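Asks: Just dropping this structure here.
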Amino acid sequence: MSDAPGVSEPIVDYDIHKVLKALPHRYPLLLVDRVKAIHLGERIHAVKAVSMNEEFFQGHFPGAPIMPGVLQIEALAQAAAILGIETLELAGTGKLVIFMGIENAKFRAQVTPGCLLDLEVEFVQKRSRVYKFKGKASVEGKTSCDVEFTAMIADPPKN
């Protein structure tokens with residue numbers, strides 16, 4: 001999973017303002033800060049700047065802060081949601097990308113404050129409204145998390 005040339009021309013001008021338009025997530029659960037490249041229908045490379053100010057570091061673990069693995073998976077899922085929303089041209093429609101399953105999650109290295117967490121996700125399978133993804137989180141080229149997950153496109157809950 002890299003930004004090697006693919007079938008589609010990458011989108012590279014994707015800052016936090018576009019992230020906020022694509023995702024319903026907000027602080028403290030917004031875990032994508034920028035997108036480096038999106039190859040529509042194929043893959044995405046996004047980044048999470050891991051700061052000591054993250055709320056989860058207050059309790060995980062005081063004195064030895066480590067980003068929880070489940071939040072690394074959530075960050076990858078948010079990157080996948082951006083990929084899906086942009087590929088399907090659903091930005092601004094209110095549609096949500098909802099987790100359905102997580103498989104083969106492996107945690108390989110710790111993520112600590114001050115890191116830039118690279119989030120690389122690619123489509124594995126596309127069926128109607130259900131999509132399977134493969135994701136890798138890494139810091140400076142060292143993999144911290146590998147995972148496969150399934151998600152679906154859903155309407156927002158009615159109030």
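Naming scheme: A, B, ... for chains in displayed order of the structure tokens; residues 1 onward per chain; ligands 1 onward as shown.
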Residues near A:Pro28, anyone? I mean within 12 Å using only C-alpha atoms, not counting same-chain ones fewer than 4 positions away, as a list in words.

Replies: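 After dropping sequence-adjacent residues, the list is Val32, Ser51, Asn53, Glu54, Glu55, Phe56, Phe57 and Leu71 of chain A.
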
Asks: Would you output that residue set with N, CA and C atoms, as a PDB file, in the first residue's frame?

Replies:
```pdb
ATOM      1  N   VAL A  32      -8.486  11.769  11.899  1.00  0.00           N
ATOM      2  CA  VAL A  32      -7.786  12.027  10.640  1.00  0.00           C
ATOM      3  C   VAL A  32      -7.579  13.532  10.564  1.00  0.00           C
ATOM      4  N   SER A  51      -0.916  13.857  19.400  1.00  0.00           N
ATOM      5  CA  SER A  51      -0.477  14.893  20.330  1.00  0.00           C
ATOM      6  C   SER A  51      -0.632  14.426  21.774  1.00  0.00           C
ATOM      7  N   ASN A  53      -1.867  16.064  23.921  1.00  0.00           N
ATOM      8  CA  ASN A  53      -3.137  16.637  24.363  1.00  0.00           C
ATOM      9  C   ASN A  53      -4.343  15.734  24.120  1.00  0.00           C
ATOM     10  N   GLU A  54      -4.148  14.581  23.490  1.00  0.00           N
ATOM     11  CA  GLU A  54      -5.260  13.657  23.244  1.00  0.00           C
ATOM     12  C   GLU A  54      -5.835  13.208  24.585  1.00  0.00           C
ATOM     13  N   GLU A  55      -7.164  13.191  24.690  1.00  0.00           N
ATOM     14  CA  GLU A  55      -7.816  12.811  25.949  1.00  0.00           C
ATOM     15  C   GLU A  55      -7.449  11.408  26.415  1.00  0.00           C
ATOM     16  N   PHE A  56      -7.277  10.478  25.481  1.00  0.00           N
ATOM     17  CA  PHE A  56      -7.011   9.096  25.877  1.00  0.00           C
ATOM     18  C   PHE A  56      -5.669   8.919  26.573  1.00  0.00           C
ATOM     19  N   PHE A  57      -4.731   9.845  26.387  1.00  0.00           N
ATOM     20  CA  PHE A  57      -3.433   9.712  27.051  1.00  0.00           C
ATOM     21  C   PHE A  57      -3.526   9.957  28.562  1.00  0.00           C
ATOM     22  N   LEU A  71      -8.070   2.628  18.779  1.00  0.00           N
ATOM     23  CA  LEU A  71      -8.162   3.960  18.181  1.00  0.00           C
ATOM     24  C   LEU A  71      -7.359   4.040  16.885  1.00  0.00           C
TER      25      LEU A  71
END
```

Asks: Chain A: which residues are alpha helix (DSSP H) by DSSP, as JSON, numbers by chain?

Replies: {"A": [16, 17, 18, 19, 20, 21, 22, 69, 70, 71, 72, 73, 74, 75, 76, 77, 78, 79, 80, 81, 82, 83, 84, 85, 86, 87]}

Asks: Fewer than 4 positions away in the same chain doesn't count, so skip those; otherwise give me all residues within 8 Å of A:Thr150, counting only C-alpha atoms, as a PyMOL selection string.

Replies: chain A and resi 99-102+130-133

Asks: Which residues are near stretch 18-23 of chain A? Cut-off 7 Å, only C-alpha atoms, ignore same chain within fewer than 2 positions. Put them as a PDB file with N, CA, C and O atoms, in the first residue's frame.

Replies:
```
ATOM      1  N   TYR A  14      -6.199  17.844   0.064  1.00  0.00           N
ATOM      2  CA  TYR A  14      -7.285  17.451   0.964  1.00  0.00           C
ATOM      3  C   TYR A  14      -6.877  17.774   2.389  1.00  0.00           C
ATOM      4  O   TYR A  14      -6.236  16.981   3.068  1.00  0.00           O
ATOM      5  N   ASP A  15      -7.269  18.959   2.849  1.00  0.00           N
ATOM      6  CA  ASP A  15      -6.876  19.423   4.178  1.00  0.00           C
ATOM      7  C   ASP A  15      -7.962  19.123   5.210  1.00  0.00           C
ATOM      8  O   ASP A  15      -8.965  18.472   4.920  1.00  0.00           O
ATOM      9  N   ILE A  16      -7.792  19.634   6.419  1.00  0.00           N
ATOM     10  CA  ILE A  16      -8.725  19.367   7.519  1.00  0.00           C
ATOM     11  C   ILE A  16     -10.136  19.864   7.208  1.00  0.00           C
ATOM     12  O   ILE A  16     -11.126  19.255   7.626  1.00  0.00           O
ATOM     13  N   HIS A  25     -17.479  12.954  12.309  1.00  0.00           N
ATOM     14  CA  HIS A  25     -16.717  12.917  13.558  1.00  0.00           C
ATOM     15  C   HIS A  25     -16.181  14.303  13.924  1.00  0.00           C
ATOM     16  O   HIS A  25     -15.805  15.077  13.058  1.00  0.00           O
ATOM     17  N   ARG A  34      -5.372  15.007   8.020  1.00  0.00           N
ATOM     18  CA  ARG A  34      -5.060  15.413   6.659  1.00  0.00           C
ATOM     19  C   ARG A  34      -5.038  14.164   5.781  1.00  0.00           C
ATOM     20  O   ARG A  34      -4.756  13.085   6.261  1.00  0.00           O
ATOM     21  N   ILE A  82     -13.548   8.246   4.364  1.00  0.00           N
ATOM     22  CA  ILE A  82     -13.264   9.336   3.421  1.00  0.00           C
ATOM     23  C   ILE A  82     -13.108   8.766   2.016  1.00  0.00           C
ATOM     24  O   ILE A  82     -13.672   9.298   1.050  1.00  0.00           O
ATOM     25  N   ILE A  85     -16.647   7.766   0.817  1.00  0.00           N
ATOM     26  CA  ILE A  85     -17.480   8.947   0.580  1.00  0.00           C
ATOM     27  C   ILE A  85     -17.054   9.672  -0.698  1.00  0.00           C
ATOM     28  O   ILE A  85     -17.883  10.072  -1.508  1.00  0.00           O
ATOM     29  N   ALA A  91     -20.192  13.085  -0.319  1.00  0.00           N
ATOM     30  CA  ALA A  91     -19.893  14.184   0.606  1.00  0.00           C
ATOM     31  C   ALA A  91     -21.072  15.150   0.646  1.00  0.00           C
ATOM     32  O   ALA A  91     -21.626  15.517  -0.388  1.00  0.00           O
ATOM     33  N   GLY A  92     -21.477  15.516   1.850  1.00  0.00           N
ATOM     34  CA  GLY A  92     -22.569  16.450   2.030  1.00  0.00           C
ATOM     35  C   GLY A  92     -23.956  15.831   1.980  1.00  0.00           C
ATOM     36  O   GLY A  92     -24.945  16.528   2.164  1.00  0.00           O
TER      37      GLY A  92
END
```

Asks: Go through A:Ile11, A:Ala49, A:Ala81, A:Ala37 one by one, measure the shortest atom-to-atom distance of each to A:Ile98 using only C-alpha atoms, and give the residue with the smallest value.

Replies: A:Ala81

Asks: Could you check how far atom CA of A:Met152 sits from atom CA of A:Met67, in Å to one decimal?

Replies: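 Atom CA of A:Met67 lies at a distance of 26.1 Å from atom CA of A:Met152.
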
Asks: Given the choices A:His60, A:Arg26, A:His39, A:Lys136, which gets closest to A:Gln72 if the distance is worked out from only C-alpha atoms?

Replies: A:Lys136

Asks: Can you pull out every residue within 9 Å of A:Ser138, counting only C-alpha atoms, but drop anything in the same chain fewer than 5 positions away, and send it as an NGL selection string?

Replies: :A and (109 or 111 or 116-120 or 143-146)

Asks: Neighbours of A:Thr93 within 12 Å (only C-alpha atoms; same-chain residues fewer than 3 positions away dropped), as a ChimeraX atom specification?

Replies: /A:21-24,85-86,88-90,96-97,153-156

Asks: Take the residues from that selection and put them in a file with all heavy atoms, as an mmCIF file, in the first residue's frame.

Replies:
```cif
data_model
loop_
_atom_site.group_PDB
_atom_site.id
_atom_site.type_symbol
_atom_site.label_atom_id
_atom_site.label_comp_id
_atom_site.auth_asym_id
_atom_site.auth_seq_id
_atom_site.Cartn_x
_atom_site.Cartn_y
_atom_site.Cartn_z
ATOM 1 N N LYS A 21 -15.791 18.056 6.149
ATOM 2 C CA LYS A 21 -16.961 17.965 5.270
ATOM 3 C C LYS A 21 -17.315 16.508 4.967
ATOM 4 O O LYS A 21 -18.487 16.184 4.778
ATOM 5 C CB LYS A 21 -16.709 18.723 3.965
ATOM 6 C CG LYS A 21 -16.766 20.224 4.134
ATOM 7 C CD LYS A 21 -16.528 20.937 2.824
ATOM 8 C CE LYS A 21 -16.510 22.441 3.046
ATOM 9 N NZ LYS A 21 -16.122 23.170 1.847
ATOM 10 N N ALA A 22 -16.318 15.647 4.925
ATOM 11 C CA ALA A 22 -16.552 14.239 4.572
ATOM 12 C C ALA A 22 -17.009 13.405 5.756
ATOM 13 O O ALA A 22 -17.801 12.477 5.585
ATOM 14 C CB ALA A 22 -15.290 13.635 3.968
ATOM 15 N N LEU A 23 -16.500 13.717 6.951
ATOM 16 C CA LEU A 23 -16.784 12.898 8.134
ATOM 17 C C LEU A 23 -17.686 13.627 9.121
ATOM 18 O O LEU A 23 -17.530 14.828 9.330
ATOM 19 C CB LEU A 23 -15.476 12.544 8.866
ATOM 20 C CG LEU A 23 -14.472 11.666 8.138
ATOM 21 C CD1 LEU A 23 -13.214 11.501 8.987
ATOM 22 C CD2 LEU A 23 -15.075 10.316 7.786
ATOM 23 N N PRO A 24 -18.569 12.887 9.807
ATOM 24 C CA PRO A 24 -19.373 13.508 10.856
ATOM 25 C C PRO A 24 -18.622 13.611 12.180
ATOM 26 O O PRO A 24 -19.068 14.290 13.086
ATOM 27 C CB PRO A 24 -20.562 12.548 10.995
ATOM 28 C CG PRO A 24 -20.004 11.218 10.620
ATOM 29 C CD PRO A 24 -18.978 11.505 9.545
ATOM 30 N N ILE A 85 -16.647 7.766 0.817
ATOM 31 C CA ILE A 85 -17.480 8.947 0.580
ATOM 32 C C ILE A 85 -17.054 9.672 -0.698
ATOM 33 O O ILE A 85 -17.883 10.072 -1.508
ATOM 34 C CB ILE A 85 -17.425 9.901 1.804
ATOM 35 C CG1 ILE A 85 -18.123 9.275 3.011
ATOM 36 C CG2 ILE A 85 -17.964 11.288 1.476
ATOM 37 C CD1 ILE A 85 -19.622 9.133 2.902
ATOM 38 N N GLU A 86 -15.747 9.845 -0.874
ATOM 39 C CA GLU A 86 -15.253 10.539 -2.069
ATOM 40 C C GLU A 86 -15.432 9.695 -3.326
ATOM 41 O O GLU A 86 -15.819 10.210 -4.372
ATOM 42 C CB GLU A 86 -13.785 10.944 -1.893
ATOM 43 C CG GLU A 86 -13.577 12.038 -0.866
ATOM 44 C CD GLU A 86 -14.249 13.357 -1.235
ATOM 45 O OE1 GLU A 86 -14.515 13.631 -2.437
ATOM 46 O OE2 GLU A 86 -14.531 14.143 -0.311
ATOM 47 N N LEU A 88 -17.700 7.438 -3.918
ATOM 48 C CA LEU A 88 -19.124 7.344 -4.262
ATOM 49 C C LEU A 88 -19.793 8.715 -4.395
ATOM 50 O O LEU A 88 -21.001 8.800 -4.587
ATOM 51 C CB LEU A 88 -19.857 6.513 -3.206
ATOM 52 C CG LEU A 88 -19.358 5.072 -3.081
ATOM 53 C CD1 LEU A 88 -19.985 4.392 -1.882
ATOM 54 C CD2 LEU A 88 -19.630 4.295 -4.363
ATOM 55 N N GLU A 89 -19.008 9.791 -4.254
ATOM 56 C CA GLU A 89 -19.493 11.165 -4.366
ATOM 57 C C GLU A 89 -20.662 11.425 -3.409
ATOM 58 O O GLU A 89 -21.696 11.958 -3.796
ATOM 59 C CB GLU A 89 -19.871 11.477 -5.815
ATOM 60 C CG GLU A 89 -18.694 11.362 -6.764
ATOM 61 C CD GLU A 89 -19.046 11.635 -8.221
ATOM 62 O OE1 GLU A 89 -20.257 11.751 -8.551
ATOM 63 O OE2 GLU A 89 -18.118 11.740 -9.025
ATOM 64 N N LEU A 90 -20.467 11.050 -2.139
ATOM 65 C CA LEU A 90 -21.518 11.195 -1.129
ATOM 66 C C LEU A 90 -21.263 12.331 -0.141
ATOM 67 O O LEU A 90 -22.042 12.498 0.798
ATOM 68 C CB LEU A 90 -21.679 9.874 -0.361
ATOM 69 C CG LEU A 90 -22.155 8.682 -1.185
ATOM 70 C CD1 LEU A 90 -22.125 7.413 -0.341
ATOM 71 C CD2 LEU A 90 -23.536 8.932 -1.753
ATOM 72 N N LEU A 96 -23.597 7.857 6.153
ATOM 73 C CA LEU A 96 -22.570 7.443 7.106
ATOM 74 C C LEU A 96 -21.912 6.156 6.635
ATOM 75 O O LEU A 96 -22.541 5.338 5.967
ATOM 76 C CB LEU A 96 -23.196 7.199 8.483
ATOM 77 C CG LEU A 96 -23.913 8.386 9.119
ATOM 78 C CD1 LEU A 96 -24.588 7.944 10.410
ATOM 79 C CD2 LEU A 96 -22.936 9.517 9.379
ATOM 80 N N VAL A 97 -20.661 5.987 7.008
ATOM 81 C CA VAL A 97 -19.962 4.724 6.782
ATOM 82 C C VAL A 97 -19.862 4.061 8.150
ATOM 83 O O VAL A 97 -19.243 4.597 9.064
ATOM 84 C CB VAL A 97 -18.570 4.956 6.153
ATOM 85 C CG1 VAL A 97 -17.871 3.629 5.915
ATOM 86 C CG2 VAL A 97 -18.702 5.741 4.843
ATOM 87 N N ILE A 153 -22.493 1.582 3.814
ATOM 88 C CA ILE A 153 -23.039 2.917 3.678
ATOM 89 C C ILE A 153 -24.445 2.894 4.244
ATOM 90 O O ILE A 153 -25.248 2.008 3.924
ATOM 91 C CB ILE A 153 -23.092 3.352 2.189
ATOM 92 C CG1 ILE A 153 -21.713 3.234 1.533
ATOM 93 C CG2 ILE A 153 -23.671 4.756 2.055
ATOM 94 C CD1 ILE A 153 -20.658 4.144 2.075
ATOM 95 N N ALA A 154 -24.748 3.849 5.130
ATOM 96 C CA ALA A 154 -26.063 3.861 5.793
ATOM 97 C C ALA A 154 -26.609 5.283 5.841
ATOM 98 O O ALA A 154 -25.857 6.261 5.795
ATOM 99 C CB ALA A 154 -25.929 3.322 7.219
ATOM 100 N N ASP A 155 -27.921 5.371 5.954
ATOM 101 C CA ASP A 155 -28.566 6.656 6.177
ATOM 102 C C ASP A 155 -28.345 7.051 7.631
ATOM 103 O O ASP A 155 -28.247 6.190 8.515
ATOM 104 C CB ASP A 155 -30.062 6.562 5.906
ATOM 105 C CG ASP A 155 -30.349 6.351 4.420
ATOM 106 O OD1 ASP A 155 -29.634 6.953 3.598
ATOM 107 O OD2 ASP A 155 -31.288 5.605 4.096
ATOM 108 N N PRO A 156 -28.286 8.351 7.910
ATOM 109 C CA PRO A 156 -28.139 8.789 9.308
ATOM 110 C C PRO A 156 -29.381 8.429 10.109
ATOM 111 O O PRO A 156 -30.464 8.292 9.530
ATOM 112 C CB PRO A 156 -27.960 10.300 9.199
ATOM 113 C CG PRO A 156 -28.514 10.670 7.876
ATOM 114 C CD PRO A 156 -28.372 9.477 6.983
#
```

Asks: So how far away is atom CA of A:Ala105 from atom CA of A:Arg43, in Å?

Replies: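 Those two atoms sit 18.8 Å apart.
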
Asks: With distances taken over only C-alpha atoms, which of A:Ala151, A:Ile66, A:Val121, A:Leu83 is nearest to A:Ala137?

Replies: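 Nearest candidate to A:Ala137 out of A:Ala151, A:Ile66, A:Val121, A:Leu83: A:Val121.
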